[in-house]
>>> print(open('final31.txt').read())   # compact mmCIF, C-alpha atoms and all ligand atoms
# COMPACT_ATOMS: atom_id res chain seq x y z
CA MET O 1 -6.17 -20.33 -2.70
CA VAL O 2 -2.47 -20.92 -2.25
CA ARG O 3 -0.64 -18.99 0.40
CA VAL O 4 2.72 -17.54 -0.44
CA ALA O 5 5.37 -19.59 1.25
CA ALA O 6 7.91 -16.77 1.21
CA PRO O 7 9.87 -16.76 4.44
CA SER O 8 9.30 -13.07 4.83
CA PHE O 9 5.58 -13.53 5.43
CA ALA O 10 6.46 -16.01 8.10
CA ALA O 11 8.83 -13.42 9.49
CA LEU O 12 5.92 -11.05 9.85
CA ALA O 13 4.55 -13.31 12.51
CA LEU O 14 7.47 -12.19 14.64
CA LEU O 15 5.94 -8.77 14.70
CA ALA O 16 3.15 -9.99 16.92
CA GLY O 17 5.54 -9.79 19.83
CA ALA O 18 6.05 -7.26 22.53
CA CYS O 19 7.76 -3.89 22.64
CA ALA O 20 11.47 -3.81 21.93
CA GLY O 21 13.04 -0.49 22.68
CA PRO O 22 12.34 3.05 21.58
CA PRO O 23 11.60 3.95 17.97
CA ALA O 24 14.30 5.20 15.66
CA PRO O 25 14.20 8.99 15.46
CA PHE O 26 12.50 10.40 12.41
CA GLY O 27 14.91 11.22 9.65
CA THR O 28 17.05 8.14 9.98
CA LEU O 29 16.43 4.84 8.31
CA GLU O 30 18.21 1.91 9.79
CA ALA O 31 19.75 -0.07 6.99
CA GLN O 32 17.89 -3.33 6.49
CA PRO O 33 20.13 -5.25 4.12
CA PRO O 34 17.76 -7.87 2.78
CA GLU O 35 20.29 -10.60 1.99
CA PRO O 36 20.60 -13.14 3.34
CA ALA O 37 17.25 -13.53 5.03
CA PRO O 38 17.32 -10.84 7.71
CA ALA O 39 16.24 -11.37 11.26
CA TRP O 40 13.53 -8.72 11.50
CA PRO O 41 13.52 -6.83 14.75
CA VAL O 42 10.38 -7.21 16.77
CA ALA O 43 8.34 -4.09 16.22
CA PRO O 44 7.48 -1.95 19.22
CA ALA O 45 3.98 -2.75 20.35
CA GLY O 46 3.18 0.81 21.25
CA CYS O 47 1.88 3.57 19.09
CA GLU O 48 4.26 6.33 20.01
CA VAL O 49 3.37 9.87 19.09
CA GLU O 50 6.59 11.45 20.24
CA GLY O 51 9.05 11.81 17.40
CA ALA O 52 6.45 11.27 14.68
CA PRO O 53 7.08 13.29 11.53
CA PRO O 54 4.72 16.16 10.76
CA ARG O 55 1.72 15.44 8.56
CA PRO O 56 2.68 15.90 4.92
CA SER O 57 0.39 18.44 3.29
CA ALA O 58 0.87 16.75 -0.07
CA TYR O 59 2.12 13.44 -1.39
CA ASP O 60 5.76 14.42 -1.78
CA ALA O 61 9.26 13.39 -0.72
CA ARG O 62 8.40 14.09 2.90
CA ALA O 63 5.44 11.74 2.69
CA VAL O 64 7.66 8.98 1.29
CA ALA O 65 10.24 9.64 4.02
CA ALA O 66 7.51 9.38 6.64
CA LEU O 67 6.49 5.99 5.25
CA MET O 68 10.06 4.73 5.03
CA THR O 69 11.48 6.04 8.29
CA TRP O 70 8.48 6.01 10.59
CA VAL O 71 5.65 3.78 9.47
CA TYR O 72 7.57 0.87 7.93
CA ARG O 73 10.86 1.41 9.71
CA ASP O 74 11.16 -2.06 11.18
CA PHE O 75 9.05 -4.12 8.81
CA PRO O 76 10.18 -3.07 5.33
CA VAL O 77 8.39 -5.84 3.46
CA GLU O 78 6.49 -5.22 0.26
CA ASP O 79 2.99 -6.55 0.02
CA TYR O 80 2.63 -8.42 -3.28
CA CYS O 81 5.38 -10.98 -2.82
CA GLY O 82 6.39 -10.54 0.80
CA CYS O 83 9.84 -9.35 -0.29
CA PRO O 84 12.00 -7.40 2.17
CA PHE O 85 13.42 -4.16 0.79
CA GLY O 86 16.35 -2.02 1.85
CA ALA O 87 16.78 1.70 2.41
CA ASP O 88 17.56 2.07 -1.30
CA GLN O 89 14.12 0.53 -2.00
CA THR O 90 15.53 -2.48 -3.86
CA VAL O 91 14.50 -5.98 -2.89
CA GLY O 92 17.08 -8.63 -2.17
CA LYS O 93 17.52 -12.16 -3.41
CA ASP O 94 15.35 -13.48 -0.64
CA CYS O 95 12.26 -12.86 -2.71
CA ALA O 96 9.83 -15.13 -4.51
CA TYR O 97 9.50 -12.61 -7.32
CA VAL O 98 10.86 -13.53 -10.74
CA GLY O 99 10.94 -10.75 -13.32
CA GLU O 100 13.10 -9.14 -15.93
CA GLU O 101 14.87 -6.58 -13.74
CA THR O 102 18.29 -7.26 -12.26
CA ALA O 103 17.56 -5.13 -9.20
CA PRO O 104 13.80 -4.99 -8.61
CA VAL O 105 12.63 -1.92 -6.73
CA ILE O 106 9.52 -1.09 -4.78
CA ARG O 107 7.29 1.90 -5.10
CA TRP O 108 4.70 3.35 -2.78
CA GLU O 109 1.47 2.39 -4.42
CA PRO O 110 -1.82 4.12 -3.71
CA VAL O 111 -4.29 1.30 -2.98
CA VAL O 112 -7.11 3.46 -4.32
CA PRO O 113 -5.60 4.90 -7.50
CA PRO O 114 -5.63 8.72 -7.79
CA SER O 115 -7.52 8.35 -11.05
CA ARG O 116 -10.35 6.83 -9.02
CA PHE O 117 -10.81 10.01 -7.01
CA GLY O 118 -9.49 12.40 -9.65
CA LEU O 119 -11.46 11.36 -12.67
CA TYR O 120 -14.49 13.57 -12.13
CA ARG O 121 -12.60 16.59 -10.93
CA ARG O 122 -12.21 19.61 -13.14
CA CYS O 123 -8.40 19.68 -12.98
CA TRP O 124 -8.23 16.02 -13.94
CA GLN O 125 -10.49 16.48 -16.90
CA GLN O 126 -8.44 19.44 -17.98
CA TRP O 127 -5.03 17.80 -17.76
CA SER O 128 -5.51 14.07 -18.27
CA LEU O 129 -4.05 12.86 -21.54
CA GLY O 130 -6.24 9.76 -21.48
CA PRO O 131 -6.71 6.61 -19.41
CA GLY O 132 -3.36 5.42 -18.08
CA ASP O 133 -1.66 8.68 -19.07
CA ASP O 134 -2.50 10.63 -15.97
CA ALA O 135 0.84 11.75 -14.56
CA LEU O 136 0.31 15.34 -15.62
CA ALA O 137 -3.24 15.41 -14.28
CA ARG O 138 -2.08 13.98 -10.98
CA SER O 139 0.62 16.60 -10.50
CA LYS O 140 -1.60 19.48 -11.65
CA CYS O 141 -4.49 18.44 -9.42
CA ALA O 142 -2.10 18.16 -6.46
CA VAL O 143 -1.27 21.84 -6.98
CA GLU O 144 -4.62 23.23 -8.02
CA ASP O 145 -7.16 21.20 -6.10
CA GLU O 146 -7.00 21.22 -2.32
CA GLU O 147 -9.43 18.34 -1.85
CA PHE O 148 -7.56 16.16 -4.31
CA ARG O 149 -4.31 17.02 -2.56
CA ALA O 150 -5.74 15.90 0.80
CA MET O 151 -6.95 12.59 -0.62
CA GLU O 152 -3.70 11.97 -2.45
CA ALA O 153 -1.62 12.69 0.66
CA ASP O 154 -3.51 10.29 2.94
CA LEU O 155 -0.86 7.82 4.09
CA TYR O 156 -3.43 5.16 4.99
CA ASN O 157 -3.77 4.67 1.25
CA TYR O 158 -0.13 3.77 0.54
CA HIS O 159 1.63 0.46 0.67
CA PRO O 160 4.99 -0.80 -0.61
CA ALA O 161 4.72 -2.84 -3.79
CA LEU O 162 7.18 -4.20 -6.31
CA ALA O 163 7.26 -1.62 -9.06
CA ALA O 164 6.76 -4.13 -11.87
CA LEU O 165 3.67 -5.54 -10.20
CA SER O 166 2.40 -2.08 -9.40
CA GLU O 167 2.74 -1.23 -13.07
CA ARG O 168 0.74 -4.29 -13.96
CA ARG O 169 -1.88 -3.34 -11.43
CA ALA O 170 -2.05 0.20 -12.81
CA ASP O 171 -5.46 1.75 -12.15
CA ASN O 172 -7.32 -1.52 -11.99
CA PRO O 173 -9.54 -2.29 -9.05
CA PHE O 174 -8.84 -5.31 -6.96
CA ALA O 175 -11.19 -8.15 -7.77
CA GLN O 176 -11.45 -11.90 -7.66
CA VAL O 177 -9.41 -13.62 -10.38
CA GLN O 178 -10.41 -17.05 -11.62
CA GLY O 179 -7.93 -19.84 -11.05
CA GLU O 180 -4.48 -19.44 -9.57
CA PRO O 181 -2.35 -17.90 -12.33
CA ARG O 182 1.32 -17.29 -11.47
CA GLU O 183 3.34 -15.02 -13.72
CA PHE O 184 6.03 -13.72 -11.42
CA GLY O 185 7.76 -16.69 -9.86
CA GLU O 186 5.80 -17.91 -6.89
CA CYS O 187 4.30 -14.55 -6.07
CA ASP O 188 0.60 -14.92 -5.42
CA PHE O 189 -0.19 -11.79 -7.41
CA GLU O 190 -2.95 -12.72 -9.79
CA SER O 191 -3.68 -10.74 -12.88
CA GLN O 192 -6.40 -11.37 -15.41
CA SER O 193 -6.75 -9.54 -18.66
CA VAL O 194 -9.89 -8.83 -20.58
CA MET O 195 -9.66 -8.06 -24.31
CA GLY O 196 -5.86 -8.16 -24.08
CA LYS O 197 -5.66 -5.57 -21.31
CA SER O 198 -4.92 -6.09 -17.68
CA ALA O 199 -8.25 -5.67 -15.95
CA ARG O 200 -8.39 -7.47 -12.65
CA ILE O 201 -5.83 -7.90 -9.93
CA GLU O 202 -6.20 -10.15 -6.91
CA PRO O 203 -3.74 -9.46 -4.10
CA PRO O 204 -2.24 -12.30 -2.04
CA PRO O 205 -4.38 -13.66 0.83
CA PRO O 206 -2.16 -12.22 3.61
CA VAL O 207 -2.88 -8.66 2.43
CA MET O 208 -6.24 -8.85 0.68
CA GLY O 209 -7.95 -7.67 3.86
CA ASP O 210 -5.46 -4.79 4.17
CA MET O 211 -6.24 -3.69 0.61
CA ALA O 212 -9.98 -4.08 1.15
CA ARG O 213 -9.85 -1.97 4.32
CA ALA O 214 -7.94 0.75 2.50
CA TYR O 215 -10.78 0.95 -0.02
CA LEU O 216 -13.43 0.93 2.68
CA TYR O 217 -11.56 3.62 4.60
CA MET O 218 -11.05 5.89 1.60
CA ALA O 219 -14.69 5.52 0.58
CA ALA O 220 -15.84 6.32 4.12
CA LYS O 221 -13.58 9.31 4.51
CA TYR O 222 -13.78 10.81 1.05
CA GLY O 223 -16.87 9.31 -0.54
CA LYS O 224 -19.20 12.09 0.54
CA GLY O 225 -20.50 15.04 -1.37
CA ARG O 226 -20.97 15.64 -5.03
CA ASP O 227 -17.36 15.92 -5.98
CA TRP O 228 -15.73 13.27 -3.84
CA LYS O 229 -16.14 10.30 -6.05
CA ILE O 230 -14.86 7.37 -4.07
CA LYS O 231 -18.11 5.54 -4.03
CA LEU O 232 -18.00 1.78 -4.05
CA SER O 233 -20.54 -0.25 -5.95
CA ARG O 234 -22.52 -2.75 -3.93
CA GLU O 235 -20.54 -5.60 -5.48
CA GLN O 236 -17.23 -3.98 -4.66
CA ARG O 237 -18.25 -3.27 -1.11
CA GLN O 238 -19.45 -6.84 -0.62
CA LEU O 239 -16.21 -8.23 -2.02
CA TYR O 240 -14.05 -6.00 0.15
CA GLU O 241 -16.06 -6.84 3.24
CA LYS O 242 -15.61 -10.51 2.43
CA TRP O 243 -11.85 -10.06 2.01
CA SER O 244 -11.71 -8.05 5.20
CA GLU O 245 -13.33 -10.93 7.06
CA ALA O 246 -11.09 -13.54 5.42
CA ASP O 247 -7.92 -11.60 6.29
CA PRO O 248 -8.65 -9.83 9.58
CA VAL O 249 -6.52 -7.06 11.07
CA ASP O 250 -3.28 -8.34 12.56
CA ASP O 251 -0.64 -6.74 14.76
CA ARG O 252 1.44 -5.52 11.84
CA GLU O 253 -1.49 -3.72 10.25
CA ARG O 254 -2.55 -2.32 13.61
CA LEU O 255 0.92 -0.96 14.24
CA ARG O 256 1.07 0.53 10.75
CA ALA O 257 -2.25 2.29 11.35
CA CYS O 258 -1.14 3.48 14.78
CA ARG O 259 1.94 5.08 13.33
CA ILE O 260 0.01 6.76 10.56
CA GLN O 261 -2.42 8.05 13.16
CA ALA O 262 0.54 9.53 15.02
CA ILE O 263 1.42 11.47 11.87
CA GLN O 264 -2.03 12.42 10.63
CA GLY O 265 -3.95 12.77 13.85
CA TRP O 266 -7.01 10.70 13.01
CA GLU O 267 -7.64 6.99 13.28
CA ASN O 268 -8.61 4.51 10.66
CA PRO O 269 -11.81 2.96 12.07
CA TYR O 270 -11.42 -0.11 9.85
CA VAL O 271 -8.17 -1.10 11.56
CA LYS O 272 -8.86 -1.77 15.21
CA CA N 1 -3.48 -9.00 6.37
>>> encode(input="final31.txt", output="structure tokens")
Amino acid sequence: MVRVAAPSFAALALLAGACAGPPAPFGTLEAQPPEPAPAWPVAPAGCEVEGAPPRPSAYDARAVAALMTWVYRDFPVEDYCGCPFGADQTVGKDCAYVGEETAPVIRWEPVVPPSRFGLYRRCWQQWSLGPGDDALARSKCAVEDEEFRAMEADLYNYHPALAALSERRADNPFAQVQGEPREFGECDFESQSVMGKSARIEPPPPVMGDMARAYLYMAAKYGKGRDWKIKLSREQRQLYEKWSEADPVDDRERLRACRIQAIQGWENPYVK
């Protein structure tokens, strides 16, 4: 397995340091111009509660603002290529990603796709236009189905990802990909297709544990009951536990979880 040599991952190591001043107030986003390679501020070590935004009741603009201005405020780095992004959500030139866009953007990707926990719900079955064509079902379920809305709004499930790679990932589960294919510059984002369709995505080693823990968390929190269908197969669980061991929780992930806890009020037991 080849580690991404992007300088921004190395920069994350800086985050292991100590507290540096009070947090930015909610509602402001300090500009983080990503070019040239920025000197990332050392993230505060504490998990402040004061000033945290209110818990979004749905995945909406306020949820995105909470991610941007509170959770990721001083480490705006997307996960698939380690690319820093600015307040306008575009990544700079200091990025290993090579794609067709002139100004690549990030999106907030649900690690566990909404289709995974929506598929068996009545609203989803009513409004889905077919696999991969679920935008309508997602928005309808968010209005009509309180349990779906709660799962969809859980900020522990979101991470910043280059939009083009997130599109490639689509609703596919994370899984081991054979070999070390590279399609997007040096980004260690591995995609394998089966029968001509993208089917498996392996995230880069520095975040594979983060992704695995998001699955384990979502399954633990929402996998109960008849209608809460985030149940992992034994193989999936074993793989994610293996990834979680290979990429253990670090200070950045701990701080991220702390800040989400400050918003939502409950901890993520997989990130300690
Ligand atoms: Ca990690």
>>> closest_atom_pairs(input="final31.txt", of="chain O", to="ligand CA 1 (chain N)", cutoff="7 Å", atoms="all atoms listed in the file", output="Markdown table")
| residue | atom | partner | partner_atom | distance |
| --- | --- | --- | --- | --- |
| O:Pro206 | CA | N:CA1 | CA | 4.4 |
| O:Val207 | CA | N:CA1 | CA | 4.0 |
| O:Met208 | CA | N:CA1 | CA | 6.3 |
| O:Gly209 | CA | N:CA1 | CA | 5.3 |
| O:Asp210 | CA | N:CA1 | CA | 5.1 |
| O:Asp247 | CA | N:CA1 | CA | 5.1 |
| O:Pro248 | CA | N:CA1 | CA | 6.1 |
| O:Val249 | CA | N:CA1 | CA | 5.9 |
| O:Asp250 | CA | N:CA1 | CA | 6.2 |
| O:Glu253 | CA | N:CA1 | CA | 6.8 |
>>> closest_atom_pairs(input="final31.txt", of="region 102-150 of chain O", to="region 51-70 of chain O", cutoff="12 Å", atoms="all atoms listed in the file", output="JSON lines")
{"residue": "O:Ile106", "atom": "CA", "partner": "O:Met68", "partner_atom": "CA", "distance": 11.4}
{"residue": "O:Arg107", "atom": "CA", "partner": "O:Val64", "partner_atom": "CA", "distance": 9.5}
{"residue": "O:Trp108", "atom": "CA", "partner": "O:Val64", "partner_atom": "CA", "distance": 7.6}
{"residue": "O:Glu109", "atom": "CA", "partner": "O:Val64", "partner_atom": "CA", "distance": 10.7}
{"residue": "O:Pro110", "atom": "CA", "partner": "O:Tyr59", "partner_atom": "CA", "distance": 10.4}
{"residue": "O:Pro114", "atom": "CA", "partner": "O:Tyr59", "partner_atom": "CA", "distance": 11.1}
{"residue": "O:Arg138", "atom": "CA", "partner": "O:Tyr59", "partner_atom": "CA", "distance": 10.5}
{"residue": "O:Ser139", "atom": "CA", "partner": "O:Tyr59", "partner_atom": "CA", "distance": 9.8}
{"residue": "O:Cys141", "atom": "CA", "partner": "O:Ala58", "partner_atom": "CA", "distance": 10.9}
{"residue": "O:Ala142", "atom": "CA", "partner": "O:Ala58", "partner_atom": "CA", "distance": 7.2}
{"residue": "O:Val143", "atom": "CA", "partner": "O:Ala58", "partner_atom": "CA", "distance": 8.8}
{"residue": "O:Glu144", "atom": "CA", "partner": "O:Ala58", "partner_atom": "CA", "distance": 11.6}
{"residue": "O:Asp145", "atom": "CA", "partner": "O:Ala58", "partner_atom": "CA", "distance": 11.0}
{"residue": "O:Glu146", "atom": "CA", "partner": "O:Ala58", "partner_atom": "CA", "distance": 9.3}
{"residue": "O:Glu147", "atom": "CA", "partner": "O:Ala58", "partner_atom": "CA", "distance": 10.6}
{"residue": "O:Phe148", "atom": "CA", "partner": "O:Ala58", "partner_atom": "CA", "distance": 9.5}
{"residue": "O:Arg149", "atom": "CA", "partner": "O:Ala58", "partner_atom": "CA", "distance": 5.8}
{"residue": "O:Ala150", "atom": "CA", "partner": "O:Ala58", "partner_atom": "CA", "distance": 6.7}
>>> atom_distance(input="final31.txt", atom1="CA of Met151 (chain O)", atom2="CA of Ile201 (chain O)")
22.5 Å
>>> axis_aligned_box(input="final31.txt", around="region 206-210 of chain O", padding_each_side="3 Å", output="AutoDock Vina command-line options")
--center_x -5.1 --center_y -8.5 --center_z 2.4 --size_x 11.8 --size_y 13.4 --size_z 9.5
>>> closest_residue(input="final31.txt", among="O:Ala175, O:Val77, O:Cys47, O:Cys83", to="Tyr240 (chain O)", atoms="only C-alpha atoms")
O:Ala175
>>> residues_around(input="final31.txt", residues="Gln178 (chain O)", least_positions_apart="4", cutoff="10 Å", atoms="all atoms listed in the file", output="VMD selection string")
chain O and resid 190 to 192 200 202
>>> closest_residue(input="final31.txt", among="O:Ser244, O:Gln236, O:Tyr217, O:Arg182", to="Pro269 (chain O)", atoms="only C-alpha atoms")
O:Tyr217
>>> atom_distance(input="final31.txt", atom1="CA of Cys81 (chain O)", atom2="CA of Tyr97 (chain O)")
6.3 Å
>>> atom_distance(input="final31.txt", atom1="CA of Glu48 (chain O)", atom2="CA of Lys221 (chain O)")
23.8 Å
